[in-house]
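Engineer: Pasting structure.txt below, which is compact mmCIF, C-alpha atoms and all ligand atoms.
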```txt
# COMPACT_ATOMS: atom_id res chain seq x y z
CA MET A 1 -34.63 -10.93 43.38
CA LEU A 2 -31.98 -8.72 44.95
CA ASP A 3 -30.38 -11.47 46.98
CA VAL A 4 -27.24 -11.55 44.95
CA PHE A 5 -26.92 -7.82 44.89
CA SER A 6 -27.27 -7.35 48.63
CA THR A 7 -25.00 -10.27 49.43
CA SER A 8 -22.16 -9.07 47.29
CA SER A 9 -22.53 -5.44 48.38
CA ILE A 10 -22.02 -6.52 51.93
CA SER A 11 -19.01 -8.68 51.27
CA GLU A 12 -17.28 -6.37 48.82
CA ASN A 13 -17.99 -3.09 50.43
CA PHE A 14 -18.74 -3.40 54.08
CA SER A 15 -19.83 -0.05 55.40
CA PRO A 16 -22.44 1.42 57.72
CA PRO A 17 -25.95 1.40 56.27
CA THR A 18 -25.86 4.89 54.83
CA ALA A 19 -27.47 5.77 51.54
CA PRO A 20 -25.89 3.77 48.73
CA PRO A 21 -24.35 5.69 45.87
CA PRO A 22 -26.80 6.24 43.03
CA PRO A 23 -26.39 3.49 40.44
CA SER A 24 -24.96 4.61 37.17
CA PRO A 25 -27.77 4.61 34.62
CA ALA A 26 -25.26 3.75 31.90
CA VAL A 27 -24.63 0.30 33.38
CA SER A 28 -27.33 -2.29 32.95
CA ARG A 29 -28.26 -4.95 35.47
CA TYR A 30 -26.83 -7.51 33.11
CA GLU A 31 -23.48 -5.73 33.07
CA LEU A 32 -23.40 -5.44 36.84
CA GLN A 33 -24.26 -9.09 37.22
CA LYS A 34 -21.61 -10.02 34.70
CA ARG A 35 -18.94 -8.08 36.61
CA ARG A 36 -19.94 -9.68 39.87
CA ASP A 37 -19.85 -13.13 38.29
CA TRP A 38 -16.44 -12.41 36.81
CA ASN A 39 -15.12 -11.29 40.20
CA THR A 40 -16.55 -14.39 41.82
CA PHE A 41 -14.86 -16.57 39.26
CA GLY A 42 -11.58 -14.71 39.78
CA GLN A 43 -11.83 -15.34 43.51
CA TYR A 44 -12.52 -18.99 42.85
CA LEU A 45 -9.37 -19.27 40.71
CA LYS A 46 -7.31 -17.53 43.37
CA ASN A 47 -8.61 -19.66 46.23
CA HIS A 48 -8.33 -22.89 44.30
CA LYS A 49 -5.68 -25.27 45.58
CA PRO A 50 -3.39 -25.14 43.73
CA PRO A 51 -4.35 -21.70 42.35
CA LEU A 52 -5.61 -21.76 38.79
CA ILE A 53 -4.44 -19.45 36.03
CA LEU A 54 -7.18 -18.02 33.86
CA SER A 55 -5.33 -18.50 30.59
CA ARG A 56 -4.86 -22.18 31.39
CA CYS A 57 -8.44 -22.92 32.43
CA SER A 58 -10.11 -25.76 30.62
CA GLY A 59 -13.70 -26.88 30.34
CA ALA A 60 -12.97 -29.32 33.17
CA ASN A 61 -12.11 -26.42 35.48
CA ILE A 62 -15.38 -24.73 34.58
CA LEU A 63 -17.32 -27.90 35.38
CA GLU A 64 -15.60 -28.03 38.73
CA PHE A 65 -16.57 -24.39 39.34
CA LEU A 66 -20.21 -25.05 38.43
CA LYS A 67 -20.36 -28.04 40.77
CA TYR A 68 -18.75 -25.99 43.53
CA LEU A 69 -21.57 -23.44 43.16
CA ASP A 70 -24.20 -26.09 43.87
CA GLN A 71 -23.57 -25.78 47.60
CA PHE A 72 -25.03 -22.25 47.39
CA GLY A 73 -28.04 -23.38 45.37
CA LYS A 74 -31.62 -23.03 46.53
CA THR A 75 -33.37 -25.34 44.11
CA LYS A 76 -34.48 -28.71 45.44
CA VAL A 77 -33.47 -31.48 43.06
CA HIS A 78 -34.98 -34.81 44.04
CA ASN A 79 -32.90 -37.92 43.72
CA CYS A 80 -34.39 -40.96 42.10
CA CYS A 81 -35.25 -42.69 45.40
CA CYS A 82 -37.28 -39.74 46.71
CA PRO A 83 -41.07 -40.23 46.66
CA PHE A 84 -41.34 -36.70 45.24
CA PHE A 85 -39.10 -37.38 42.26
CA GLY A 86 -40.85 -35.76 39.31
CA HIS A 87 -43.30 -33.74 41.42
CA PRO A 88 -43.23 -30.04 40.58
CA GLN A 89 -44.87 -29.17 43.92
CA PRO A 90 -44.06 -31.77 46.58
CA PRO A 91 -46.56 -31.81 49.44
CA ALA A 92 -43.91 -32.25 52.15
CA PRO A 93 -40.23 -31.57 52.78
CA CYS A 94 -37.57 -34.13 51.92
CA THR A 95 -33.85 -34.46 52.41
CA CYS A 96 -32.80 -34.16 48.77
CA PRO A 97 -30.01 -31.69 48.05
CA LEU A 98 -30.39 -28.08 47.02
CA LYS A 99 -28.57 -27.18 43.83
CA GLN A 100 -28.22 -24.35 41.37
CA ALA A 101 -31.13 -24.35 38.98
CA TRP A 102 -30.25 -25.12 35.40
CA GLY A 103 -31.51 -21.69 34.30
CA SER A 104 -29.09 -20.02 36.73
CA LEU A 105 -26.10 -21.99 35.51
CA ASP A 106 -26.99 -21.50 31.88
CA ALA A 107 -27.29 -17.73 32.29
CA LEU A 108 -24.12 -17.61 34.40
CA VAL A 109 -22.07 -19.47 31.79
CA GLY A 110 -23.36 -17.08 29.14
CA ARG A 111 -22.27 -14.04 31.13
CA LEU A 112 -18.86 -15.49 32.01
CA ARG A 113 -18.29 -16.54 28.43
CA ALA A 114 -18.83 -12.94 27.34
CA ALA A 115 -16.72 -11.58 30.21
CA PHE A 116 -13.83 -13.89 29.33
CA GLU A 117 -13.56 -12.39 25.86
CA GLU A 118 -14.11 -8.84 27.09
CA ASN A 119 -11.16 -9.35 29.40
CA GLY A 120 -8.81 -10.29 26.63
CA GLY A 121 -9.48 -14.00 26.32
CA ARG A 122 -9.54 -15.56 22.87
CA ALA A 123 -12.84 -16.91 21.58
CA GLU A 124 -11.14 -20.09 20.32
CA THR A 125 -9.86 -20.95 23.78
CA ASN A 126 -12.86 -19.74 25.78
CA PRO A 127 -13.31 -22.48 28.41
CA PHE A 128 -16.94 -21.40 28.98
CA GLY A 129 -17.68 -22.33 25.40
CA ALA A 130 -16.10 -25.76 25.73
CA ARG A 131 -18.04 -28.74 24.50
CA ALA A 132 -17.80 -30.37 27.93
CA VAL A 133 -19.57 -27.36 29.46
CA ARG A 134 -22.35 -27.44 26.87
CA LEU A 135 -22.86 -31.15 27.44
CA TYR A 136 -22.87 -30.70 31.20
CA LEU A 137 -25.51 -27.96 31.01
CA ARG A 138 -27.68 -30.13 28.80
CA GLU A 139 -27.34 -33.00 31.24
CA VAL A 140 -28.26 -30.73 34.18
CA ARG A 141 -31.26 -29.42 32.27
CA ASP A 142 -32.55 -32.89 31.44
CA SER A 143 -31.96 -34.38 34.87
CA GLN A 144 -33.52 -31.40 36.67
CA ALA A 145 -36.50 -31.47 34.34
CA LYS A 146 -37.11 -35.09 35.32
CA ALA A 147 -36.36 -34.67 39.01
CA ARG A 148 -38.47 -31.54 39.42
CA GLY A 149 -41.21 -32.52 37.00
CA ILE A 150 -40.63 -29.35 35.00
CA ALA A 151 -40.36 -29.29 31.24
CA TYR A 152 -37.88 -26.82 29.82
CA GLU A 153 -39.75 -26.69 26.56
CA LYS A 154 -38.10 -25.60 23.40
CA LYS A 155 -39.88 -22.44 22.31
CA LYS A 156 -40.49 -21.45 18.74
CA ARG A 157 -37.76 -19.30 17.32
CA LYS A 158 -39.73 -16.06 17.58
CA ASN A 159 -40.13 -16.60 21.32
CA ASN A 160 -36.52 -17.42 21.99
CA LYS A 161 -35.62 -14.02 23.31
CA ARG A 162 -38.50 -13.82 25.74
CA HIS A 163 -37.85 -17.37 26.91
CA PHE A 164 -34.22 -16.54 27.54
CA GLN A 165 -35.14 -13.48 29.57
CA GLU A 166 -37.45 -15.55 31.71
CA GLN A 167 -34.73 -18.08 32.30
CA GLU A 168 -32.37 -15.32 33.23
CA LYS A 169 -34.83 -13.88 35.70
CA GLU A 170 -35.17 -17.24 37.32
CA GLY A 171 -31.41 -17.42 37.32
CA ASP A 172 -30.98 -14.12 39.11
CA LYS A 173 -33.40 -15.22 41.73
CA ASN A 174 -31.78 -18.53 42.41
CA LEU A 175 -28.11 -17.91 41.99
CA LYS A 176 -26.64 -17.24 45.38
CA LEU A 177 -22.92 -16.81 45.52
CA PRO A 178 -20.66 -16.62 48.55
ZN ZN B 1 -36.81 -35.23 47.41
```
Spit out the file's structure as structure tokens when you get a sec.

Structural biologist:
Amino acid sequence: MLDVFSTSSISENFSPPTAPPPPSPAVSRYELQKRRDWNTFGQYLKNHKPPLILSRCSGANILEFLKYLDQFGKTKVHNCCCPFFGHPQPPAPCTCPLKQAWGSLDALVGRLRAAFEENGGRAETNPFGARAVRLYLREVRDSQAKARGIAYEKKKRKNNKRHFQEQEKEGDKNLKLP
């Protein structure tokens, strides 16, 4: 669960293992995660060749970013030739790639979409809200559901919030950034 937290603490703030500063109770886990994601995205823009400018980012750039993150994923997504395609619990290892779970990407895009506007971006030009990004996430959800044999069922409206929190938990667990 704390993978992301420990990883980024080490990279951002390398220091001897003394007692960490007490976390501010005013800042929620969601907020902390959102800031880390925003920093990660900023680094990605800076390291991109050629460097990307936030205000000129399009949905296509966001798709590229999401695909780049797959290399840090920990979720096995079977390809269609794998004998375990569609098995939720394969009995043996296989060579299919590890990717970011759909729930991780979905939650990440939600946080970055909010962060974009909190950092002065305009809602109308928010690349995280682009149609291409929505379509991509839907495609990832459907293909991972098939490949992993997991149904991302649509919950009834009254359960939406709980469902979302579960997805986000799964996301936190699986999202591993550089
Ligand atoms: Zn496989």

Engineer: Nearest to ligand ZN 1 (chain B) among A:Leu63, A:Leu54, A:Leu98, A:Leu32, with distances taken over only C-alpha atoms and all ligand atoms: which residue is it?

Structural biologist: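 Looking at the shortest contact to ligand ZN 1 (chain B), the residue is A:Leu98.
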
Engineer: Kindly provide, as a list in words, all nucleotide and amino acid residues lying within 10 Å of ligand ZN 1 (chain B), counting all atoms listed in the file.

Structural biologist: Lys76, Val77, His78, Asn79, Cys80, Cys81, Cys82, Pro83, Phe84, Phe85, Gly86, His87, Pro90, Ala92, Pro93, Cys94, Thr95, Cys96, Pro97, Leu98, Ala147 and Arg148 of chain A

Engineer: Can you work out the spacing between atom CA of Ala26 of chain A and atom CA of Gly129 of chain A in Å, to one decimal?

Structural biologist: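 Going from atom CA of Ala26 of chain A over to atom CA of Gly129 of chain A, I get 27.9 Å.
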
Engineer: Could you tell me, as number ranges by chain, which residues have any atom at most 10 Å from (-9.0, -23.4, 35.2), counting all atoms listed in the file?

Structural biologist: A: 41, 44-45, 48, 51-65, 127

Engineer: So that I can check the surroundings of Trp102 of chain A, please list as a PyMOL selection string every protein, DNA and RNA residue that reaches within 8 Å of it, counting only C-alpha atoms and ignoring chain neighbours fewer than 2 positions away.

Structural biologist: chain A and resi 100+104-106+137+140-141+144

Engineer: Quote the spacing between atom CA of Ala145 of chain A and atom CA of Ala115 of chain A in Å to one decimal place.

Structural biologist: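 Distance between the two atoms: 28.4 Å.
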
Engineer: Nearest residue to Gly103 of chain A out of A:Asp37, A:Glu117, A:Asp142, A:Glu31, using only C-alpha atoms?

Structural biologist: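 Closest to Gly103 of chain A, using only C-alpha atoms: A:Asp142.
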
Engineer: As an exercise, work out the distance from atom CA of Lys67 of chain A to atom CA of Pro91 of chain A in Å and give it to one decimal place.

Structural biologist: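 Between these atoms lies a distance of 27.9 Å.
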